[in-house]
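As stored in input-v4.txt (compact mmCIF, C-alpha atoms):
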# COMPACT_ATOMS: atom_id res chain seq x y z
CA MET G 172 13.62 -22.06 -31.70
CA SER G 173 12.21 -22.89 -28.25
CA VAL G 174 14.39 -22.37 -25.18
CA GLY G 175 13.51 -25.92 -24.14
CA VAL G 176 12.65 -25.14 -20.51
CA ARG G 177 9.37 -24.83 -18.59
CA ALA G 178 8.10 -22.69 -15.74
CA GLY G 179 9.29 -24.18 -12.46
CA ASP G 180 12.50 -25.68 -13.86
CA LEU G 181 15.75 -25.10 -11.95
CA VAL G 182 18.42 -23.93 -14.39
CA GLU G 183 22.03 -22.78 -14.34
CA GLY G 184 24.05 -20.57 -16.61
CA VAL G 185 26.45 -17.66 -17.01
CA VAL G 186 25.55 -13.95 -17.05
CA ALA G 187 26.32 -12.74 -20.59
CA SER G 188 25.32 -9.08 -20.34
CA VAL G 189 23.58 -6.58 -18.07
CA ASP G 190 21.49 -3.71 -19.44
CA GLY G 191 18.80 -3.19 -16.85
CA SER G 192 17.92 -6.86 -17.17
CA ALA G 193 20.64 -9.47 -16.85
CA TRP G 194 20.82 -11.88 -19.80
CA VAL G 195 21.97 -15.42 -19.10
CA THR G 196 23.40 -18.06 -21.39
CA LEU G 197 21.80 -21.22 -20.01
CA ASP G 198 23.69 -24.50 -19.81
CA GLY G 199 22.76 -26.55 -22.83
CA PHE G 200 21.77 -23.51 -24.90
CA PRO G 201 25.10 -21.88 -25.87
CA ALA G 202 23.94 -20.18 -29.07
CA ARG G 203 22.66 -17.03 -27.38
CA PRO G 204 21.44 -15.71 -24.00
CA VAL G 205 17.83 -16.84 -23.58
CA GLY G 206 17.38 -16.30 -19.84
CA GLU G 207 16.34 -12.88 -18.50
CA ILE G 208 16.60 -11.70 -14.90
CA GLY G 209 14.50 -8.56 -14.54
CA PRO G 210 15.56 -5.45 -12.59
CA LEU G 211 13.49 -6.53 -9.56
CA ASP G 212 14.66 -10.13 -9.35
CA THR G 213 17.93 -9.74 -7.41
CA PRO G 214 18.34 -12.35 -4.63
CA TRP G 215 16.94 -10.83 -1.45
CA GLY G 216 19.44 -8.92 0.61
CA ARG G 217 22.17 -9.16 -2.01
CA GLY G 218 23.46 -6.88 -4.76
CA ARG G 219 23.17 -7.04 -8.52
CA ALA G 220 26.68 -5.64 -8.96
CA THR G 221 28.27 -8.79 -7.52
CA ASP G 222 25.68 -11.54 -7.96
CA LEU G 223 24.77 -10.60 -11.53
CA ALA G 224 28.14 -9.46 -12.91
CA VAL G 225 29.09 -10.54 -16.43
CA GLY G 226 30.73 -13.97 -16.27
CA GLN G 227 29.04 -14.89 -12.97
CA ARG G 228 27.49 -18.37 -12.76
CA ILE G 229 23.97 -18.35 -11.38
CA ARG G 230 21.19 -20.77 -10.44
CA ALA G 231 17.62 -19.66 -10.96
CA VAL G 232 14.07 -20.89 -11.26
CA VAL G 233 12.21 -20.38 -14.53
CA MET G 234 9.20 -18.19 -13.69
CA ALA G 235 7.72 -17.99 -17.18
CA VAL G 236 8.50 -18.69 -20.81
CA GLY G 237 7.66 -16.04 -23.40
CA PRO G 238 4.78 -16.66 -25.83
CA ASP G 239 7.26 -17.11 -28.67
CA GLY G 240 9.09 -19.76 -26.65
CA GLU G 241 12.43 -17.99 -27.12
CA ARG G 242 12.88 -16.23 -23.78
CA ALA G 243 12.72 -17.47 -20.19
CA SER G 244 12.15 -15.18 -17.21
CA LEU G 245 14.38 -16.26 -14.34
CA SER G 246 14.43 -15.66 -10.58
CA PRO G 247 17.66 -16.26 -8.62
CA ALA G 248 15.79 -15.55 -5.36
CA ALA G 249 13.50 -18.52 -5.92
CA ALA G 250 16.55 -20.76 -6.22
CA ALA G 251 18.45 -19.18 -3.32
CA TYR G 252 15.59 -19.57 -0.80
CA PRO G 253 13.35 -22.32 -2.19
CA GLU G 254 11.44 -23.02 1.04
CA LEU G 255 10.54 -19.37 1.56
CA TRP G 256 9.65 -18.90 -2.11
CA ALA G 257 7.42 -21.99 -2.06
CA PHE G 258 5.68 -20.79 1.10
CA LEU G 259 5.02 -17.29 -0.25
CA SER G 260 3.97 -18.57 -3.67
CA GLY G 261 1.43 -20.85 -2.04
CA LEU G 262 -0.40 -18.04 -0.22
CA ARG G 263 -3.69 -16.85 -1.65
CA PRO G 264 -5.10 -13.29 -1.49
CA ASP G 265 -7.47 -12.68 1.42
CA CYS G 266 -6.21 -15.62 3.48
CA ARG G 267 -5.48 -14.77 7.11
CA LEU G 268 -2.04 -15.07 8.69
CA THR G 269 -1.13 -14.75 12.36
CA GLY G 270 2.16 -13.70 13.87
CA THR G 271 4.01 -11.39 16.22
CA VAL G 272 5.06 -7.80 15.54
CA ALA G 273 8.84 -8.10 15.22
CA SER G 274 9.90 -4.55 14.38
CA ILE G 275 8.40 -1.10 13.78
CA GLU G 276 10.26 0.90 11.16
CA PRO G 277 9.70 4.36 9.59
CA TYR G 278 8.47 2.64 6.42
CA GLY G 279 6.30 -0.11 7.89
CA VAL G 280 5.90 -2.96 10.37
CA PHE G 281 7.54 -6.39 10.16
CA VAL G 282 5.60 -9.42 11.39
CA ALA G 283 7.20 -12.76 12.28
CA LEU G 284 4.64 -15.24 10.96
CA ASP G 285 3.63 -18.35 12.85
CA GLU G 286 3.83 -20.37 9.62
CA GLY G 287 6.61 -20.73 7.09
CA PRO G 288 10.39 -20.24 7.27
CA ALA G 289 12.15 -17.16 8.61
CA HIS G 290 13.35 -14.41 6.31
CA PRO G 291 17.10 -14.46 5.51
CA VAL G 292 17.43 -10.67 5.88
CA PHE G 293 14.43 -9.01 7.56
CA PRO G 294 12.98 -9.43 11.09
CA GLY G 295 9.85 -11.05 9.69
CA VAL G 296 8.38 -12.42 6.46
CA GLY G 297 5.16 -10.45 6.97
CA PHE G 298 5.15 -6.72 6.25
CA ILE G 299 2.45 -4.08 6.83
CA THR G 300 2.74 -0.69 5.16
CA TYR G 301 1.46 2.25 7.20
CA PRO G 302 -1.76 2.75 5.19
CA GLU G 303 -2.68 -0.88 5.91
CA LEU G 304 -2.35 -0.59 9.70
CA CYS G 305 -5.75 0.95 10.42
CA TRP G 306 -8.55 3.05 8.96
CA THR G 307 -8.01 6.13 11.12
CA ARG G 308 -5.19 8.66 11.07
CA PHE G 309 -2.24 8.24 13.43
CA GLU G 310 1.03 10.02 14.09
CA SER G 311 3.11 6.96 14.92
CA ALA G 312 2.70 3.25 14.21
CA SER G 313 3.24 2.64 17.93
CA GLU G 314 -0.24 4.12 18.45
CA VAL G 315 -1.63 1.12 16.57
CA VAL G 316 0.72 -1.80 17.33
CA ARG G 317 3.65 -2.59 19.61
CA VAL G 318 6.61 -4.94 19.29
CA GLY G 319 5.66 -8.33 20.67
CA GLN G 320 1.95 -7.88 19.97
CA ARG G 321 0.07 -10.79 18.44
CA VAL G 322 -1.76 -9.85 15.23
CA THR G 323 -3.97 -11.48 12.62
CA CYS G 324 -3.76 -9.94 9.16
CA VAL G 325 -5.13 -10.44 5.66
CA PHE G 326 -2.60 -11.47 3.00
CA LEU G 327 -2.55 -9.03 0.09
CA GLN G 328 0.26 -10.17 -2.20
CA PHE G 329 3.68 -11.78 -2.54
CA ASP G 330 6.32 -9.05 -2.79
CA THR G 331 8.89 -10.86 -4.95
CA TRP G 332 11.35 -7.95 -4.72
CA ASN G 333 11.80 -8.20 -0.93
CA GLY G 334 10.57 -11.74 -0.38
CA GLU G 335 7.71 -10.58 1.85
CA ALA G 336 4.09 -11.34 2.47
CA ARG G 337 2.38 -7.96 2.20
CA LEU G 338 -0.30 -7.84 4.87
CA SER G 339 -3.23 -5.69 5.93
CA LEU G 340 -4.22 -5.29 9.56
CA ARG G 341 -7.00 -2.80 8.81
CA ALA G 342 -8.73 -5.34 6.54
CA THR G 343 -9.58 -7.33 9.69
CA LEU G 344 -11.31 -4.29 11.22
CA PRO G 345 -14.74 -2.77 10.44
CA ASP G 346 -14.49 -0.20 7.66
CA PRO G 347 -15.80 3.13 9.06
CA PHE G 348 -16.32 4.52 5.55
CA LEU G 349 -18.75 1.76 4.59
CA ALA G 350 -20.59 2.16 7.90
CA PHE G 351 -20.88 5.90 7.22
CA ALA G 352 -22.12 5.32 3.65
CA ASP G 353 -24.72 2.86 4.94
CA ALA G 354 -25.87 5.41 7.52
CA VAL G 355 -26.26 8.06 4.78
CA ASP G 356 -28.34 5.64 2.72
CA ALA G 357 -30.49 4.81 5.75
CA ALA G 358 -31.08 8.52 6.35
CA GLY G 359 -32.49 8.96 2.87
CA GLY G 360 -29.45 9.12 0.63
CA GLU G 361 -27.19 11.84 -0.71
CA GLY G 362 -28.39 15.41 -0.63
CA ARG G 363 -30.90 14.85 2.17
CA ALA G 364 -30.70 17.76 4.59
CA VAL G 365 -29.29 15.78 7.50
CA THR G 366 -27.00 18.02 9.51
CA LEU G 367 -23.77 16.60 10.85
CA ARG G 368 -21.45 18.20 13.35
CA GLY G 369 -17.79 17.70 12.46
CA GLN G 370 -14.33 18.99 13.20
CA VAL G 371 -12.17 20.83 10.69
CA THR G 372 -9.01 18.75 10.11
CA LYS G 373 -7.29 20.42 7.16
CA LEU G 374 -7.44 23.66 5.17
CA THR G 375 -6.46 23.66 1.49
CA PRO G 376 -6.93 25.93 -1.54
CA ILE G 377 -9.63 23.56 -2.83
CA GLY G 378 -11.65 23.55 0.36
CA VAL G 379 -12.06 22.48 3.96
CA PHE G 380 -11.72 18.89 5.19
CA VAL G 381 -14.09 17.97 8.00
CA ARG G 382 -14.11 14.78 10.10
CA VAL G 383 -17.74 13.65 10.13
CA ALA G 384 -17.20 10.24 11.82
CA ASP G 385 -14.33 8.25 13.29
CA GLY G 386 -12.07 7.46 10.35
CA VAL G 387 -14.17 9.44 7.84
CA GLU G 388 -13.36 12.88 6.46
CA GLY G 389 -15.21 14.82 3.81
CA LEU G 390 -14.40 17.86 1.70
CA VAL G 391 -16.38 21.08 1.63
CA PRO G 392 -15.33 22.61 -1.71
CA VAL G 393 -14.54 26.30 -1.35
CA GLU G 394 -13.86 28.23 -4.54
CA GLY G 395 -11.13 30.83 -4.19
CA ALA G 396 -10.10 29.82 -0.68
CA GLU G 397 -7.04 31.49 0.80
CA VAL G 398 -5.19 30.10 3.79
CA SER G 399 -3.85 32.96 5.89
CA GLU G 400 -0.60 33.03 7.87
CA ALA G 401 -2.67 32.70 11.03
CA GLY G 402 -4.01 29.36 9.80
CA HIS G 403 -7.47 30.59 8.82
CA VAL G 404 -9.16 29.79 5.56
CA VAL G 405 -11.06 32.84 4.37
CA VAL G 406 -13.34 33.25 1.36
CA ARG G 407 -14.84 36.61 0.53
CA ASP G 408 -17.94 37.23 -1.51
CA ARG G 409 -17.50 40.88 -2.49
CA VAL G 410 -16.99 42.37 0.98
CA ASP G 411 -18.71 39.71 3.10
CA VAL G 412 -16.73 36.94 4.75
CA VAL G 413 -18.38 33.67 3.70
CA VAL G 414 -16.05 31.26 5.48
CA ASP G 415 -13.64 31.83 8.34
CA VAL G 416 -12.50 28.62 10.06
CA VAL G 417 -9.33 27.13 11.49
CA VAL G 418 -8.26 23.55 12.14
CA GLY G 419 -10.07 22.25 15.20
CA ASP G 420 -13.27 24.27 14.69
CA GLU G 421 -16.61 22.47 15.01
CA VAL G 422 -18.84 23.11 12.00
CA ASP G 423 -22.24 21.98 10.70
CA VAL G 424 -22.29 20.26 7.30
CA VAL G 425 -24.58 18.12 5.14
CA VAL G 426 -23.60 15.24 2.86
CA ALA G 427 -23.76 16.16 -0.81
CA ARG G 428 -22.26 12.99 -2.28
CA VAL G 429 -20.71 9.70 -1.22
CA SER G 430 -18.51 7.76 -3.64
CA ARG G 431 -18.09 4.20 -2.40
CA GLU G 432 -15.76 3.29 -5.24
CA GLY G 433 -13.55 6.34 -4.75
CA ARG G 434 -14.01 6.38 -0.96
CA ARG G 435 -14.78 10.10 -1.05
CA VAL G 436 -17.31 12.23 0.80
CA LEU G 437 -18.38 15.57 -0.62
CA LEU G 438 -19.92 17.98 1.91
CA ALA G 439 -21.67 21.31 1.92
CA TRP G 440 -22.15 23.89 4.63
CA ALA G 441 -25.35 23.36 6.57
CA GLY G 442 -26.42 26.92 5.71
CA ALA G 443 -26.18 28.83 2.46
CA ALA G 444 -23.07 30.43 3.92
CA ALA G 445 -20.94 29.72 6.95
CA GLY G 446 -19.73 32.25 9.40
CA SER G 447 -17.06 31.59 11.97
CA GLY G 448 -16.95 27.97 13.02
CA ARG G 449 -16.03 28.94 16.53

I'd like the structure from this file rewritten - as structure tokens, please.
Amino acid sequence: MSVGVRAGDLVEGVVASVDGSAWVTLDGFPARPVGEIGPLDTPWGRGRATDLAVGQRIRAVVMAVGPDGERASLSPAAAAYPELWAFLSGLRPDCRLTGTVASIEPYGVFVALDEGPAHPVFPGVGFITYPELCWTRFESASEVVRVGQRVTCVFLQFDTWNGEARLSLRATLPDPFLAFADAVDAAGGEGRAVTLRGQVTKLTPIGVFVRVADGVEGLVPVEGAEVSEAGHVVVRDRVDVVVDVVVGDEVDVVVARVSREGRRVLLAWAGAAAGSGR
């Protein structure tokens, strides 16, 4: 038997049970609960314990109807903030949005958008996670943006859990990895003995990371590497020291492989073996 509703319909009902999802007996369909509110569909800034308690009346928008026609996925948030939901639902990936940096938090940056309604809970409807701020490493988001700064970002997706427009600032900037890959191709491709001078940025048991361009780091695989208490990475071939470098050393490397899809650069020492990088 079909639930008799369609995507986009505004419905009301009573919460019948909660078991991860909340199941709702819709008005006009008293035989059994046919509406489902998923674990991530709590109204923004409110709690499931009170808003979705058994016996609670709710209003929600039908987001989808199951292929068998017997279950309707509901969103109370869409009904609670219809203007905001309509605005966010109408955005398309890769469109550009402008706004002002409203707040810098340990988990990301809020942006008050020029278009659309305000958020009922957060400082801005736009939100940039730290990886989407820029292509290069940084210690603090304040190195990249400041409160009050005007920004233009690329829209990534509608975060229905928080009622946010997930944004990318770095997508508006030149990608240093692609520029580096193009330069490698122009120099003759992978494996060509083109020596690069780079700075050691990280030492790990799998090898040495070297910054070969702004925003681009590559890995020199080192089998059997050991990071000492003094911060050196040392590899010994019998009794000879093959590698002895520390973070900050300048070293010579060549490009062994560039993976555009995986955004990885594999390097090799410029010589058959590397002595001290200092």

What is the CA of Gly240 (chain G)-CA of Asp212 (chain G) distance in Å, reported with one decimal?
20.6 Å

Excluding same-chain residues fewer than 3 positions from Cys305 (chain G), what lies within 7 Å of it counting all atoms listed in the file, as a compact mmCIF listing (two decimals) with C-alpha atoms, in the frame of the given file?
# COMPACT_ATOMS: atom_id res chain seq x y z
CA PRO G 302 -1.76 2.75 5.19
CA LEU G 340 -4.22 -5.29 9.56
CA ARG G 341 -7.00 -2.80 8.81

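Pairwise distance (CA of Val322 (chain G), CA of Phe348 (chain G)) equals 22.6 Å.
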
Just how far from CA of Trp194 (chain G) is CA of Arg228 (chain G), in Å to one decimal?
11.7 Å

Which residue is closest to Val296 (chain G)? Choose from G:Cys266, G:Ala336, G:Ser313, G:Ala384 and count only C-alpha atoms.
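So, comparing all the options, the nearest one is G:Ala336.
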
Considering only C-alpha atoms, return as a PyMOL selection string whatever protein or nucleic-acid residues lie within 10 Å of Thr307 (chain G), sequence-local ones (same chain, fewer than 5 positions apart) excluded.
chain G and resi 302+315+341+346-347+385-388

Selected residues written out with C-alpha atoms, as a short mmCIF file (atom, residue, chain, number, x, y, z; two decimals), keeping the file's coordinate frame:
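Below is the file that was written, out.cif:
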data_model
loop_
_atom_site.label_atom_id
_atom_site.label_comp_id
_atom_site.auth_asym_id
_atom_site.auth_seq_id
_atom_site.Cartn_x
_atom_site.Cartn_y
_atom_site.Cartn_z
CA PRO G 302 -1.76 2.75 5.19
CA VAL G 315 -1.63 1.12 16.57
CA ARG G 341 -7.00 -2.80 8.81
CA ASP G 346 -14.49 -0.20 7.66
CA PRO G 347 -15.80 3.13 9.06
CA ASP G 385 -14.33 8.25 13.29
CA GLY G 386 -12.07 7.46 10.35
CA VAL G 387 -14.17 9.44 7.84
CA GLU G 388 -13.36 12.88 6.46
#

I need every residue sitting at most 12 Å from the point (-2.2, -10.4, 6.2) (coordinates as in the file, only C-alpha atoms considered), written as a PyMOL selection string.
chain G and resi 259+262-271+280-285+296-300+303-304+322-329+335-343

Output for the residues just chosen: C-alpha atoms as a PDB file, in the frame of the given file:
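The new file again.pdb reads:
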ATOM      1  CA  LEU G 259       5.020 -17.290  -0.250  1.00  0.00           C
ATOM      2  CA  LEU G 262      -0.400 -18.040  -0.220  1.00  0.00           C
ATOM      3  CA  ARG G 263      -3.690 -16.850  -1.650  1.00  0.00           C
ATOM      4  CA  PRO G 264      -5.100 -13.290  -1.490  1.00  0.00           C
ATOM      5  CA  ASP G 265      -7.470 -12.680   1.420  1.00  0.00           C
ATOM      6  CA  CYS G 266      -6.210 -15.620   3.480  1.00  0.00           C
ATOM      7  CA  ARG G 267      -5.480 -14.770   7.110  1.00  0.00           C
ATOM      8  CA  LEU G 268      -2.040 -15.070   8.690  1.00  0.00           C
ATOM      9  CA  THR G 269      -1.130 -14.750  12.360  1.00  0.00           C
ATOM     10  CA  GLY G 270       2.160 -13.700  13.870  1.00  0.00           C
ATOM     11  CA  THR G 271       4.010 -11.390  16.220  1.00  0.00           C
ATOM     12  CA  VAL G 280       5.900  -2.960  10.370  1.00  0.00           C
ATOM     13  CA  PHE G 281       7.540  -6.390  10.160  1.00  0.00           C
ATOM     14  CA  VAL G 282       5.600  -9.420  11.390  1.00  0.00           C
ATOM     15  CA  ALA G 283       7.200 -12.760  12.280  1.00  0.00           C
ATOM     16  CA  LEU G 284       4.640 -15.240  10.960  1.00  0.00           C
ATOM     17  CA  ASP G 285       3.630 -18.350  12.850  1.00  0.00           C
ATOM     18  CA  VAL G 296       8.380 -12.420   6.460  1.00  0.00           C
ATOM     19  CA  GLY G 297       5.160 -10.450   6.970  1.00  0.00           C
ATOM     20  CA  PHE G 298       5.150  -6.720   6.250  1.00  0.00           C
ATOM     21  CA  ILE G 299       2.450  -4.080   6.830  1.00  0.00           C
ATOM     22  CA  THR G 300       2.740  -0.690   5.160  1.00  0.00           C
ATOM     23  CA  GLU G 303      -2.680  -0.880   5.910  1.00  0.00           C
ATOM     24  CA  LEU G 304      -2.350  -0.590   9.700  1.00  0.00           C
ATOM     25  CA  VAL G 322      -1.760  -9.850  15.230  1.00  0.00           C
ATOM     26  CA  THR G 323      -3.970 -11.480  12.620  1.00  0.00           C
ATOM     27  CA  CYS G 324      -3.760  -9.940   9.160  1.00  0.00           C
ATOM     28  CA  VAL G 325      -5.130 -10.440   5.660  1.00  0.00           C
ATOM     29  CA  PHE G 326      -2.600 -11.470   3.000  1.00  0.00           C
ATOM     30  CA  LEU G 327      -2.550  -9.030   0.090  1.00  0.00           C
ATOM     31  CA  GLN G 328       0.260 -10.170  -2.200  1.00  0.00           C
ATOM     32  CA  PHE G 329       3.680 -11.780  -2.540  1.00  0.00           C
ATOM     33  CA  GLU G 335       7.710 -10.580   1.850  1.00  0.00           C
ATOM     34  CA  ALA G 336       4.090 -11.340   2.470  1.00  0.00           C
ATOM     35  CA  ARG G 337       2.380  -7.960   2.200  1.00  0.00           C
ATOM     36  CA  LEU G 338      -0.300  -7.840   4.870  1.00  0.00           C
ATOM     37  CA  SER G 339      -3.230  -5.690   5.930  1.00  0.00           C
ATOM     38  CA  LEU G 340      -4.220  -5.290   9.560  1.00  0.00           C
ATOM     39  CA  ARG G 341      -7.000  -2.800   8.810  1.00  0.00           C
ATOM     40  CA  ALA G 342      -8.730  -5.340   6.540  1.00  0.00           C
ATOM     41  CA  THR G 343      -9.580  -7.330   9.690  1.00  0.00           C
TER      42      THR G 343
END

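Of the residues under consideration (G:His290, G:Arg230, G:Arg431, G:Arg317), G:Arg317 shows the shortest atom-to-atom contact distance to Ser274 (chain G) when counting only C-alpha atoms.
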
Local residues around (12.8, -15.3, -12.5), at most 9 Å away, using all atoms listed in the file, as a ChimeraX atom specification
/G:206-209,212,231-235,243-249
